[in-house]
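Notes for the one structure printed next.
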6 protein chains.
Amino acid sequence: MEKKWFQTPEWSWNALESRKEFVHQWVQPLKDEGDSPDMILFGAPLSRSSISVSGASLYPNEFRKIWKNFATYNLDEDIDLSKFNVADAGDVAMHTTNILESHSRIQAAAAYLSEKYPERPLCIIGGDHSITACAVRGIKDANPEEKIGILQLDTHLDVRNPADLGPANGTPIRQLLDGGIVKGDNVYNIGLHGYFNASPLVDYAKEHRIQMVTLKNARKKGVPVAVNDALDSLSEKVDRIYVTVDMDVLDIGQAPGVPASTPGGMTTFELFDSLIEIGKREQVRYIDFVCLDPTKDSPVAETVKTGVYAWLQFVTGRAMALGK
Amino acid sequence: MEKKWFQTPEWSWNALESRKEFVHQWVQPLKDEGDSPDMILFGAPLSRSSISVSGASLYPNEFRKIWKNFATYNLDEDIDLSKFNVADAGDVAMHTTNILESHSRIQAAAAYLSEKYPERPLCIIGGDHSITACAVRGIKDANPEEKIGILQLDTHLDVRNPADLGPANGTPIRQLLDGGIVKGDNVYNIGLHGYFNASPLVDYAKEHRIQMVTLKNARKKGVPVAVNDALDSLSEKVDRIYVTVDMDVLDIGQAPGVPASTPGGMTTFELFDSLIEIGKREQVRYIDFVCLDPTKDSPVAETVKTGVYAWLQFVTGRAMALGK
Amino acid sequence: MEKKWFQTPEWSWNALESRKEFVHQWVQPLKDEGDSPDMILFGAPLSRSSISVSGASLYPNEFRKIWKNFATYNLDEDIDLSKFNVADAGDVAMHTTNILESHSRIQAAAAYLSEKYPERPLCIIGGDHSITACAVRGIKDANPEEKIGILQLDTHLDVRNPADLGPANGTPIRQLLDGGIVKGDNVYNIGLHGYFNASPLVDYAKEHRIQMVTLKNARKKGVPVAVNDALDSLSEKVDRIYVTVDMDVLDIGQAPGVPASTPGGMTTFELFDSLIEIGKREQVRYIDFVCLDPTKDSPVAETVKTGVYAWLQFVTGRAMALGK
Amino acid sequence: MEKKWFQTPEWSWNALESRKEFVHQWVQPLKDEGDSPDMILFGAPLSRSSISVSGASLYPNEFRKIWKNFATYNLDEDIDLSKFNVADAGDVAMHTTNILESHSRIQAAAAYLSEKYPERPLCIIGGDHSITACAVRGIKDANPEEKIGILQLDTHLDVRNPADLGPANGTPIRQLLDGGIVKGDNVYNIGLHGYFNASPLVDYAKEHRIQMVTLKNARKKGVPVAVNDALDSLSEKVDRIYVTVDMDVLDIGQAPGVPASTPGGMTTFELFDSLIEIGKREQVRYIDFVCLDPTKDSPVAETVKTGVYAWLQFVTGRAMALGK
Amino acid sequence: MEKKWFQTPEWSWNALESRKEFVHQWVQPLKDEGDSPDMILFGAPLSRSSISVSGASLYPNEFRKIWKNFATYNLDEDIDLSKFNVADAGDVAMHTTNILESHSRIQAAAAYLSEKYPERPLCIIGGDHSITACAVRGIKDANPEEKIGILQLDTHLDVRNPADLGPANGTPIRQLLDGGIVKGDNVYNIGLHGYFNASPLVDYAKEHRIQMVTLKNARKKGVPVAVNDALDSLSEKVDRIYVTVDMDVLDIGQAPGVPASTPGGMTTFELFDSLIEIGKREQVRYIDFVCLDPTKDSPVAETVKTGVYAWLQFVTGRAMALGK
Amino acid sequence: MEKKWFQTPEWSWNALESRKEFVHQWVQPLKDEGDSPDMILFGAPLSRSSISVSGASLYPNEFRKIWKNFATYNLDEDIDLSKFNVADAGDVAMHTTNILESHSRIQAAAAYLSEKYPERPLCIIGGDHSITACAVRGIKDANPEEKIGILQLDTHLDVRNPADLGPANGTPIRQLLDGGIVKGDNVYNIGLHGYFNASPLVDYAKEHRIQMVTLKNARKKGVPVAVNDALDSLSEKVDRIYVTVDMDVLDIGQAPGVPASTPGGMTTFELFDSLIEIGKREQVRYIDFVCLDPTKDSPVAETVKTGVYAWLQFVTGRAMALGK
């Protein structure tokens, strides 16, 4: 059944090679049977659902091409990731013109993997932010009894009204709240700052008790500490935590490849340190990285490289927690 | 009713200004009542339907911004266009995530204007090539008894299968042939060349007797002559001629802002001269310009300027024919 | 009379729209009569006076186009700016080839608005740094009895000799000191660093007792604190404070659109925090932002966005001080 | 006296080197005494007088840097230019903020060189098109009794009204006609095409009997033939011919570094062949190349290289005529 | 043995796919045994030997990536290339720091393939122009008794002195002449023009009777005709013809990705038509394409696409000659 | 003898000018006799030895061109560098195709200057990182009895195996360790972070007791403090300290012109502060700056300017130490 959804990414596996010194040698394709990976990865290459023109659909492929430049050894933490097994399920196959159908497939893919590998962290590489609503719905389909909380690193609330736009990239949190999938006070947003959320959206967020931690306040204690505080709170209230990293949370100076990034945003240093903390938390079962548009990136691929680095920080945190 | 579809473009009318020296002073908004323009223009800002990522949805707006740089006097033909009245109906309002709904609105808009102004040439600024199928269907809706022929300036046949892709930008001609709206031998394609149509598509075109005039053959007599020959043939067979200019017909060296443009393509000189001829033909009642993506254009906006120039050549031809 | 100077900016007002969620809906054109705005804005689109080639004359227009991307709600401070009324007087009309005439018009415009709205902060969007000398002279014309102090955020001293260059962009502070408009010890420069002021200029500054606060020293206590200290000192010595923000004070990595920006400069975070403090000060009656050249900006308009953000921080500070 | 005007260009002479294989080894600085060059060159680095922002002031320097890439042997004509002596007088020193003063200096420099070397062709490297009016006035100052004709290769008429703009770059031909320096029917413009001259300007040109040869008509016989025809006519009517090459005559696809270049323009092939013809004519005593803005050029310096090539074609024509 | 030299290119074979609609589906890897391809291709990814910095070493890989965009059906000639078998031997493995060693490997690879497949045309994708000397030497090694002639499409003579530079990219023709591998009057250069060969090099060429056909002269009869004339002459004098296409022969406006391309160069139309003629000639046994640097290409990969198109024209010509 | 190696840089000396306000007026050419500079500078323009394509060979020239933008007065430290004499020996002349020969010349040049000016700090402007091995060997040749220690600011260990690559840019530290020139525990690397050194290289470094100070650990105390600590340790163990600054140590957001720069790297602020400390140390006798590729830099030359700034910080530190 899953054959219907997944398509093999362009990069070629290096199964015959025993070395796992670089990421492309280390990550292995997900096998249907007998596989027991420590972590699973898949791509959701959809950005037709973006309000503005976006090439974020190209990110999963660029992500997998540029990871050749990354070694599996983390020097800061002195840890060798090659012993931690990551399996790549490929990309969910998208329909060319039917966005709802594409959304359904992402939901089904997330449900399928969440059910089949209930204990493994699932990493989703977007795509625009609309995929988060699909993924969380899929996870809820597979785990209807469990409460899901969301930690959102984002410059925006993403609570625009789907009645106006359909399930576009500005709406995922509202879709989940209005749909009863997640409760507002189980959503923590860290990264809000400046002038990028119109007042009716802030009003909606306040009404639904979304936990808004502005970047200014997070910086007072340190962003990684604020992230840990949010995870502490969430851990008491929910069964599973889904982390969504909208790359537009980053400062525009460090994220040219995210069209919605803004001045005054999070630094990559703050994001990287936070992701180690997030990775260490067992309750974090899902993470996505969205809205990175490689067609807008700088000539040296600064943002795509930052995206791979960010994901590896999450992996490092998890590997540290597992003592691998 | 049409309020539902059209939205005012961003540029501001200069109604109070009596001078019509430049295009932005000359083109006037279409009024609902009592207006009798010589030509009508509207935008179809849709490119979510494009197979590859496209910003062609931004073209209608860029088209209207850059026309400030164009005077209404054509020096080559020594003709003053300011006496020829062009009305701008604005852009068809697009749905953010429902592509079929957006297609329906373009079809309805084309039907509406085609019915209300039956004698006026209608110019459509795309958007990707999927809009051509919508527009032709709309015109057929308004004129069910008349035979429509198509002159297509294009590097590609655009006969990919909608069963695979939905009504995406590679499929419009096939949509119209399979839907019985237009007959294959009433489609003339001038601009085909090189290695950009896979053999099954060529087979389809041959089976349906699409009239393929390769660029190599067109150049033997001169592209404008080949265009005139095609228009002569069409004039004998159909009631109305729809011209669709896929800007990817241009050579890649002169059209950086059309991602699908290729080496070996038509020169702007050939296109400009051809459009004068096309404009002169009374039977040509509709024309669209598609697939120009301003986000890919050169820093000096070479391709957007070429797009405005191309449209003005069509207007010049028509004005010459009318003795204006 | 002022008609002679001001020309309407290209962007269109949204008077009919009652919502003020985004900046372009909120800022209103300055009316001649019966208007009582909380703050006034005008553009000084001149950069022919720049020593090196500069497109800073295009900034006022780009500033007004990109502010559509900014909401009127400031999340960090939880404040709604839409209740604070900002009026835009448009741009001062520049002469094409007579720079002295253009300078005179800026001076007259500043005098006119300073006289007509004595209690309202006046924001000037440059243009190159030569406009600062014009504006301060205009303010002095309107308020001959009052002492003016200057807080300058700048990498450079801008005390080059007008005898060599005429009133070019490297000379405004020297023009004002030599002209007796402002005293040297009432000029505080924060942002000086590195190797960007030749020794004779430093000698001039020392002779005239310009208060030089290097970035290194400012950082020891925090740039916003250093700014507050300078404002404290100035408040005791002068009646009115004019703040001039040369955007080249920013680090080159965060300000690609300012050709004179340098390594080792101020971060946007430091600038943004400082501008909240500056905005809070009632004594600050005038502020300009100069030397931002949109033609050099990154493809994602990083610097222009930073310019709008910076201005909004000033507005936020003032709105906070007024309890709006 | 001339010291006041000329400043040494940045490039360094290779006087010690006896080889003249490349242009930078071949062109020699103009000496005050005892020099008898075959041709003289100087730069007029002014573009503050341009209506839109322009970096054409940087062209003389870039021109002299990139000529290192050009050999002194012309293969097409099998001619060795190294025996033809070209002297470089340097750049006219410009005032930073006083445009009229800069214009006066260009006029004086042209008068000085025209008087001192009456038999030598004078090449002027702009700068924007305003410098043409200065240069022609200077030549008239030095040769008050002689009639001057102009061959203009340009997309524009350049007859905008100095009463509105001052002596800006859109006005030089009108300055000369209104000033009685040149008569309208002694001005031949080849290169006009499309939609780039508003009707009042065309009316002015017709009234003053400017000889307008559209590109469409020139191409019917071949641009170099049309150029020769114009030179034949001029030769009968005037004593000296001044050729002004506004690089915006070139098609936008081949001249990205000329902001005012347009679609439908002259090809470089047509320009290069024409310049050989122009060079061959003894009556052509002056030539300028204007409006090339190196800051807008492509990364491979396509337009600056085209500018050097164009100038060398003129030199080749002259060397052929002299049998050198 | 050849294992030592060849390394598999990055692109993946589609052996399982029976369709050959696009180039990446059609070209197959060269197998060691039992293979009988109609044509062989290999890459020589070396550009450390270039005098100026060059990324031409990256071209073979980019060439193979972008060919996915090309169908195997040629519309101009109405011919289906999928029946013509092309085998890809991969890239010759280069040494990182020993250029002479890399050159030896290219020579050995050319000798090996030339010997093993004596009847098959061999296509070499460079790399800089130094590889031509290696390849021709290798072919001579394998066929010591046969006379080799060269048709060179190039802006330059490439006869700089290896005594000064070593075997760099400006020297290949001189290496072959001085080494007695090829005689000067068996070298035809078509494409020379303008100011890009210093006089001592022209003197050398004349002394050695290199057949110089300037672009100006070639255009008088048409470049493809001039090419045919050269091939006719060569056919009478030599046994085997090696064609070397230095992509810098193209006009700079159509070849931004070739740093040494110049104004006044060959158009892509002239090159494409010529390559059909070259392909038709059975005596042409070898062809290389050199000096295309993908790191300098335009954002839409104009030049790399032109390179693939050029190669396919050669294939088309050969397929036409074989009646495939 | 040294004439064989050094060639004059392109920039011209301003010996006649008595002012030393800017760097190009201040740095003087090294004279063969009677010169007693405080510091010596030379360029090593080699990057053919780089594993990936690199234009770092162009950096010495760009470095000398852009230093015109830097004054000789350091405002942060209130120190006038113009009294400190820096002499420029020019660039070591490189062989076009023989990399080993080029390496030998760099070694000989370093030996020559190290011997002739034993007390003067020597600054080397690369080039890629392979030049460090040459320079250190040259210094050892001149000072065979003395122990050399290395402080390396770098993201990478640069201990790849020359047996695989030859003396390429990834190998210099290993060359020196394996060659017995420097001992592993006398190499301090500050700047290591993230995922950019494969585990076998880390193993090698551990085996050889290279002192690895990760950026994370350095930041805990402050990078300049960590640098001082390393210099303290080295001072006790060695006679002379060689500092090598691989510019890829910088964060990718601040160093677009260093292709190997990475996310998570050192900030320019940290580097600049560290270089003041390094400059103050008398034991630091040699410093190089490598791997900066101007062809990849941003349009505003951000990285090249950062490179000049970095070098001036070193000079400032030394001038402070000498009380100049």
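Letters A, B, ... go to the chains of the structure tokens in the order shown; residues in each chain start at 1; ligands are counted from 1 in the same order.
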
Residues of chain A near chain F: apply a cut-off of 7 Å, count only C-alpha atoms, and supply the list as an mmCIF file with N, CA and C atoms, in the first residue's frame.
data_model
loop_
_atom_site.group_PDB
_atom_site.id
_atom_site.type_symbol
_atom_site.label_atom_id
_atom_site.label_comp_id
_atom_site.auth_asym_id
_atom_site.auth_seq_id
_atom_site.Cartn_x
_atom_site.Cartn_y
_atom_site.Cartn_z
ATOM 1 N N GLU A 21 31.124 7.407 6.959
ATOM 2 C CA GLU A 21 31.787 8.632 7.423
ATOM 3 C C GLU A 21 30.973 9.884 7.112
ATOM 4 N N PHE A 22 30.225 9.815 6.020
ATOM 5 C CA PHE A 22 29.417 10.978 5.645
ATOM 6 C C PHE A 22 27.942 10.595 5.615
ATOM 7 N N PHE A 70 28.376 16.630 4.946
ATOM 8 C CA PHE A 70 28.365 16.542 6.399
ATOM 9 C C PHE A 70 28.895 15.184 6.846
ATOM 10 N N ALA A 71 29.837 15.230 7.787
ATOM 11 C CA ALA A 71 30.361 14.007 8.370
ATOM 12 C C ALA A 71 29.406 13.518 9.459
ATOM 13 N N THR A 72 29.541 12.263 9.817
ATOM 14 C CA THR A 72 28.669 11.684 10.848
ATOM 15 C C THR A 72 29.274 11.825 12.247
ATOM 16 N N TYR A 73 30.375 12.529 12.333
ATOM 17 C CA TYR A 73 31.009 12.732 13.626
ATOM 18 C C TYR A 73 30.724 14.157 14.085
ATOM 19 N N ASN A 74 30.149 14.289 15.287
ATOM 20 C CA ASN A 74 29.901 15.619 15.838
ATOM 21 C C ASN A 74 31.022 15.976 16.798
ATOM 22 N N LEU A 75 31.783 16.986 16.422
ATOM 23 C CA LEU A 75 32.963 17.320 17.218
ATOM 24 C C LEU A 75 32.619 18.030 18.514
ATOM 25 N N ASP A 76 31.603 18.897 18.484
ATOM 26 C CA ASP A 76 31.259 19.630 19.707
ATOM 27 C C ASP A 76 30.909 18.684 20.844
ATOM 28 N N GLN A 254 20.587 35.170 8.157
ATOM 29 C CA GLN A 254 21.155 33.824 8.147
ATOM 30 C C GLN A 254 20.290 32.839 7.370
ATOM 31 N N THR A 268 21.072 31.175 14.062
ATOM 32 C CA THR A 268 21.302 29.741 13.883
ATOM 33 C C THR A 268 21.907 29.129 15.146
ATOM 34 N N PHE A 269 22.699 29.897 15.859
ATOM 35 C CA PHE A 269 23.294 29.371 17.091
ATOM 36 C C PHE A 269 22.206 29.000 18.098
ATOM 37 N N VAL A 300 26.017 29.928 -2.184
ATOM 38 C CA VAL A 300 26.768 28.903 -1.448
ATOM 39 C C VAL A 300 25.844 27.986 -0.656
ATOM 40 N N GLU A 302 23.731 28.455 1.664
ATOM 41 C CA GLU A 302 23.785 28.688 3.106
ATOM 42 C C GLU A 302 22.593 28.085 3.853
ATOM 43 N N LYS A 305 22.294 24.156 3.783
ATOM 44 C CA LYS A 305 23.286 23.607 4.715
ATOM 45 C C LYS A 305 22.830 23.800 6.165
ATOM 46 N N THR A 306 22.266 24.959 6.449
ATOM 47 C CA THR A 306 21.756 25.207 7.794
ATOM 48 C C THR A 306 20.638 24.224 8.129
#

### Query
Near Leu113 of chain E, counting only C-alpha atoms, which residues have an atom at most 12 Å away, once you skip same-chain residues fewer than 4 positions from it, shown as number ranges by chain?
E: 1-2, 5-6, 30, 32, 37, 39-42, 87-90, 92, 106-109, 117-124, 135, 138-139, 141-143, 285-286

### Query
Please, which residues of segment 10-114 of chain A, numbered as in this document, come out strand (DSSP E or B) from DSSP, as a PyMOL selection string?
chain A and resi 22+28-29+39-44+71+73-74+79-80+86-92

Preceding selection exported with N, CA, C and O atoms as an mmCIF file, in the first residue's frame:
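again_2.cif, written as the output of this step:
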data_model
loop_
_atom_site.group_PDB
_atom_site.id
_atom_site.type_symbol
_atom_site.label_atom_id
_atom_site.label_comp_id
_atom_site.auth_asym_id
_atom_site.auth_seq_id
_atom_site.Cartn_x
_atom_site.Cartn_y
_atom_site.Cartn_z
ATOM 1 N N PHE A 22 30.225 9.815 6.020
ATOM 2 C CA PHE A 22 29.417 10.978 5.645
ATOM 3 C C PHE A 22 27.942 10.595 5.615
ATOM 4 O O PHE A 22 27.602 9.412 5.512
ATOM 5 N N GLN A 28 20.218 5.007 5.474
ATOM 6 C CA GLN A 28 19.892 3.874 4.622
ATOM 7 C C GLN A 28 18.416 3.923 4.227
ATOM 8 O O GLN A 28 17.600 4.478 4.949
ATOM 9 N N PRO A 29 18.099 3.340 3.091
ATOM 10 C CA PRO A 29 16.680 3.329 2.707
ATOM 11 C C PRO A 29 15.886 2.448 3.670
ATOM 12 O O PRO A 29 16.396 1.432 4.159
ATOM 13 N N MET A 39 15.620 5.834 13.844
ATOM 14 C CA MET A 39 14.897 7.047 13.477
ATOM 15 C C MET A 39 14.477 6.921 12.008
ATOM 16 O O MET A 39 15.163 6.263 11.234
ATOM 17 N N ILE A 40 13.345 7.538 11.676
ATOM 18 C CA ILE A 40 12.849 7.462 10.304
ATOM 19 C C ILE A 40 12.663 8.866 9.756
ATOM 20 O O ILE A 40 12.284 9.788 10.490
ATOM 21 N N LEU A 41 12.935 8.970 8.485
ATOM 22 C CA LEU A 41 12.898 10.246 7.788
ATOM 23 C C LEU A 41 12.035 10.094 6.544
ATOM 24 O O LEU A 41 12.111 9.092 5.858
ATOM 25 N N PHE A 42 11.195 11.086 6.253
ATOM 26 C CA PHE A 42 10.590 11.109 4.919
ATOM 27 C C PHE A 42 10.365 12.537 4.458
ATOM 28 O O PHE A 42 10.335 13.466 5.271
ATOM 29 N N GLY A 43 10.217 12.679 3.152
ATOM 30 C CA GLY A 43 10.028 14.004 2.558
ATOM 31 C C GLY A 43 8.582 14.230 2.161
ATOM 32 O O GLY A 43 7.888 13.298 1.756
ATOM 33 N N ALA A 44 8.145 15.484 2.283
ATOM 34 C CA ALA A 44 6.788 15.859 1.873
ATOM 35 C C ALA A 44 6.924 17.033 0.901
ATOM 36 O O ALA A 44 6.775 18.193 1.277
ATOM 37 N N ALA A 71 29.837 15.230 7.787
ATOM 38 C CA ALA A 71 30.361 14.007 8.370
ATOM 39 C C ALA A 71 29.406 13.518 9.459
ATOM 40 O O ALA A 71 28.554 14.262 9.952
ATOM 41 N N TYR A 73 30.375 12.529 12.333
ATOM 42 C CA TYR A 73 31.009 12.732 13.626
ATOM 43 C C TYR A 73 30.724 14.157 14.085
ATOM 44 O O TYR A 73 31.012 15.109 13.370
ATOM 45 N N ASN A 74 30.149 14.289 15.287
ATOM 46 C CA ASN A 74 29.901 15.619 15.838
ATOM 47 C C ASN A 74 31.022 15.976 16.798
ATOM 48 O O ASN A 74 31.175 15.348 17.862
ATOM 49 N N ILE A 79 30.728 12.883 19.512
ATOM 50 C CA ILE A 79 29.860 11.711 19.390
ATOM 51 C C ILE A 79 29.818 11.263 17.931
ATOM 52 O O ILE A 79 29.798 12.080 17.017
ATOM 53 N N ASP A 80 29.828 9.926 17.763
ATOM 54 C CA ASP A 80 29.834 9.341 16.419
ATOM 55 C C ASP A 80 28.431 8.857 16.094
ATOM 56 O O ASP A 80 27.945 7.883 16.654
ATOM 57 N N VAL A 86 19.583 5.638 10.914
ATOM 58 C CA VAL A 86 18.509 6.442 10.351
ATOM 59 C C VAL A 86 18.071 5.827 9.030
ATOM 60 O O VAL A 86 18.911 5.502 8.186
ATOM 61 N N ALA A 87 16.766 5.639 8.888
ATOM 62 C CA ALA A 87 16.225 5.071 7.644
ATOM 63 C C ALA A 87 15.397 6.129 6.916
ATOM 64 O O ALA A 87 14.644 6.880 7.534
ATOM 65 N N ASP A 88 15.558 6.160 5.617
ATOM 66 C CA ASP A 88 14.881 7.155 4.781
ATOM 67 C C ASP A 88 13.777 6.455 3.986
ATOM 68 O O ASP A 88 14.045 5.569 3.175
ATOM 69 N N ALA A 89 12.543 6.857 4.232
ATOM 70 C CA ALA A 89 11.405 6.225 3.544
ATOM 71 C C ALA A 89 11.167 6.813 2.167
ATOM 72 O O ALA A 89 10.273 6.374 1.450
ATOM 73 N N GLY A 90 11.940 7.808 1.780
ATOM 74 C CA GLY A 90 11.713 8.475 0.483
ATOM 75 C C GLY A 90 10.709 9.602 0.614
ATOM 76 O O GLY A 90 10.419 10.068 1.722
ATOM 77 N N ASP A 91 10.243 10.055 -0.522
ATOM 78 C CA ASP A 91 9.279 11.159 -0.533
ATOM 79 C C ASP A 91 7.862 10.646 -0.730
ATOM 80 O O ASP A 91 7.652 9.685 -1.479
ATOM 81 N N VAL A 92 6.913 11.277 -0.107
ATOM 82 C CA VAL A 92 5.524 10.983 -0.424
ATOM 83 C C VAL A 92 5.255 11.500 -1.839
ATOM 84 O O VAL A 92 5.621 12.626 -2.172
#

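Neighbours of Ala226 of chain C closer than or equal to 9 Å, with only C-alpha atoms counted and sequence neighbours fewer than 5 positions away skipped, come out as C:Ile190, C:Val213, C:Asn217, C:Ala218, C:Arg219, C:Lys220, C:Lys221, C:Leu231, C:Ser274.
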
Please save N, CA and C atoms of the selected residues as an mmCIF file, in the first residue's frame.
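Result file follows (part-v1.cif):
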data_model
loop_
_atom_site.group_PDB
_atom_site.id
_atom_site.type_symbol
_atom_site.label_atom_id
_atom_site.label_comp_id
_atom_site.auth_asym_id
_atom_site.auth_seq_id
_atom_site.Cartn_x
_atom_site.Cartn_y
_atom_site.Cartn_z
ATOM 1 N N ILE C 190 27.668 57.071 17.995
ATOM 2 C CA ILE C 190 27.797 55.704 18.507
ATOM 3 C C ILE C 190 27.798 54.759 17.312
ATOM 4 N N VAL C 213 31.709 57.619 20.777
ATOM 5 C CA VAL C 213 31.546 56.401 21.565
ATOM 6 C C VAL C 213 31.798 55.228 20.625
ATOM 7 N N ASN C 217 33.371 50.231 22.986
ATOM 8 C CA ASN C 217 32.997 50.731 24.309
ATOM 9 C C ASN C 217 31.493 50.637 24.546
ATOM 10 N N ALA C 218 30.713 50.904 23.516
ATOM 11 C CA ALA C 218 29.261 50.812 23.668
ATOM 12 C C ALA C 218 28.855 49.398 24.049
ATOM 13 N N ARG C 219 29.527 48.422 23.442
ATOM 14 C CA ARG C 219 29.169 47.026 23.703
ATOM 15 C C ARG C 219 29.497 46.601 25.134
ATOM 16 N N LYS C 220 30.456 47.293 25.739
ATOM 17 C CA LYS C 220 30.811 46.897 27.105
ATOM 18 C C LYS C 220 29.614 47.026 28.037
ATOM 19 N N LYS C 221 28.819 48.078 27.822
ATOM 20 C CA LYS C 221 27.622 48.193 28.660
ATOM 21 C C LYS C 221 26.352 47.762 27.934
ATOM 22 N N LEU C 231 21.713 59.984 25.291
ATOM 23 C CA LEU C 231 20.485 60.784 25.306
ATOM 24 C C LEU C 231 20.336 61.538 26.626
ATOM 25 N N SER C 274 18.042 49.608 20.461
ATOM 26 C CA SER C 274 18.367 51.016 20.693
ATOM 27 C C SER C 274 17.236 51.922 20.229
#

### Task
Identify all residues of segment 26-102 of chain C in helix (DSSP H, G or I) (DSSP on the backbone) and supply them as a PyMOL selection string.
chain C and resi 26+56-69+81-83+99-102

#### Entry: Between atom CA of Ser102 of chain F and atom CA of Pro45 of chain E, distance in Å (one decimal)
22.1 Å

#### Entry: Contact residues around Arg281 of chain D with only C-alpha atoms at 9 Å, ignoring same-chain residues under 2 positions, as a VMD selection string
chain D and resid 231 277 to 279 283 to 285 317 to 318 321

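Distance-wise, atom CA of Val27 of chain F and atom CA of Lys140 of chain F end up 27.2 Å apart.
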
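Pairwise distance (atom CA of Phe63 of chain B, atom CA of Pro294 of chain B) equals 9.1 Å.
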
### All residues 9 Å or closer to Ile276 of chain A, only C-alpha atoms, same chain fewer than 2 positions away omitted, as a list in words
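Near neighbours after the sequence-gap exclusion: Pro224, Leu271, Phe272, Asp273, Ser274, Ile278, Gly279, Lys280, Ala310, Leu312, Gln313, Phe314, Val315, Thr316, Gly317, Arg318 and Met320 of chain A.
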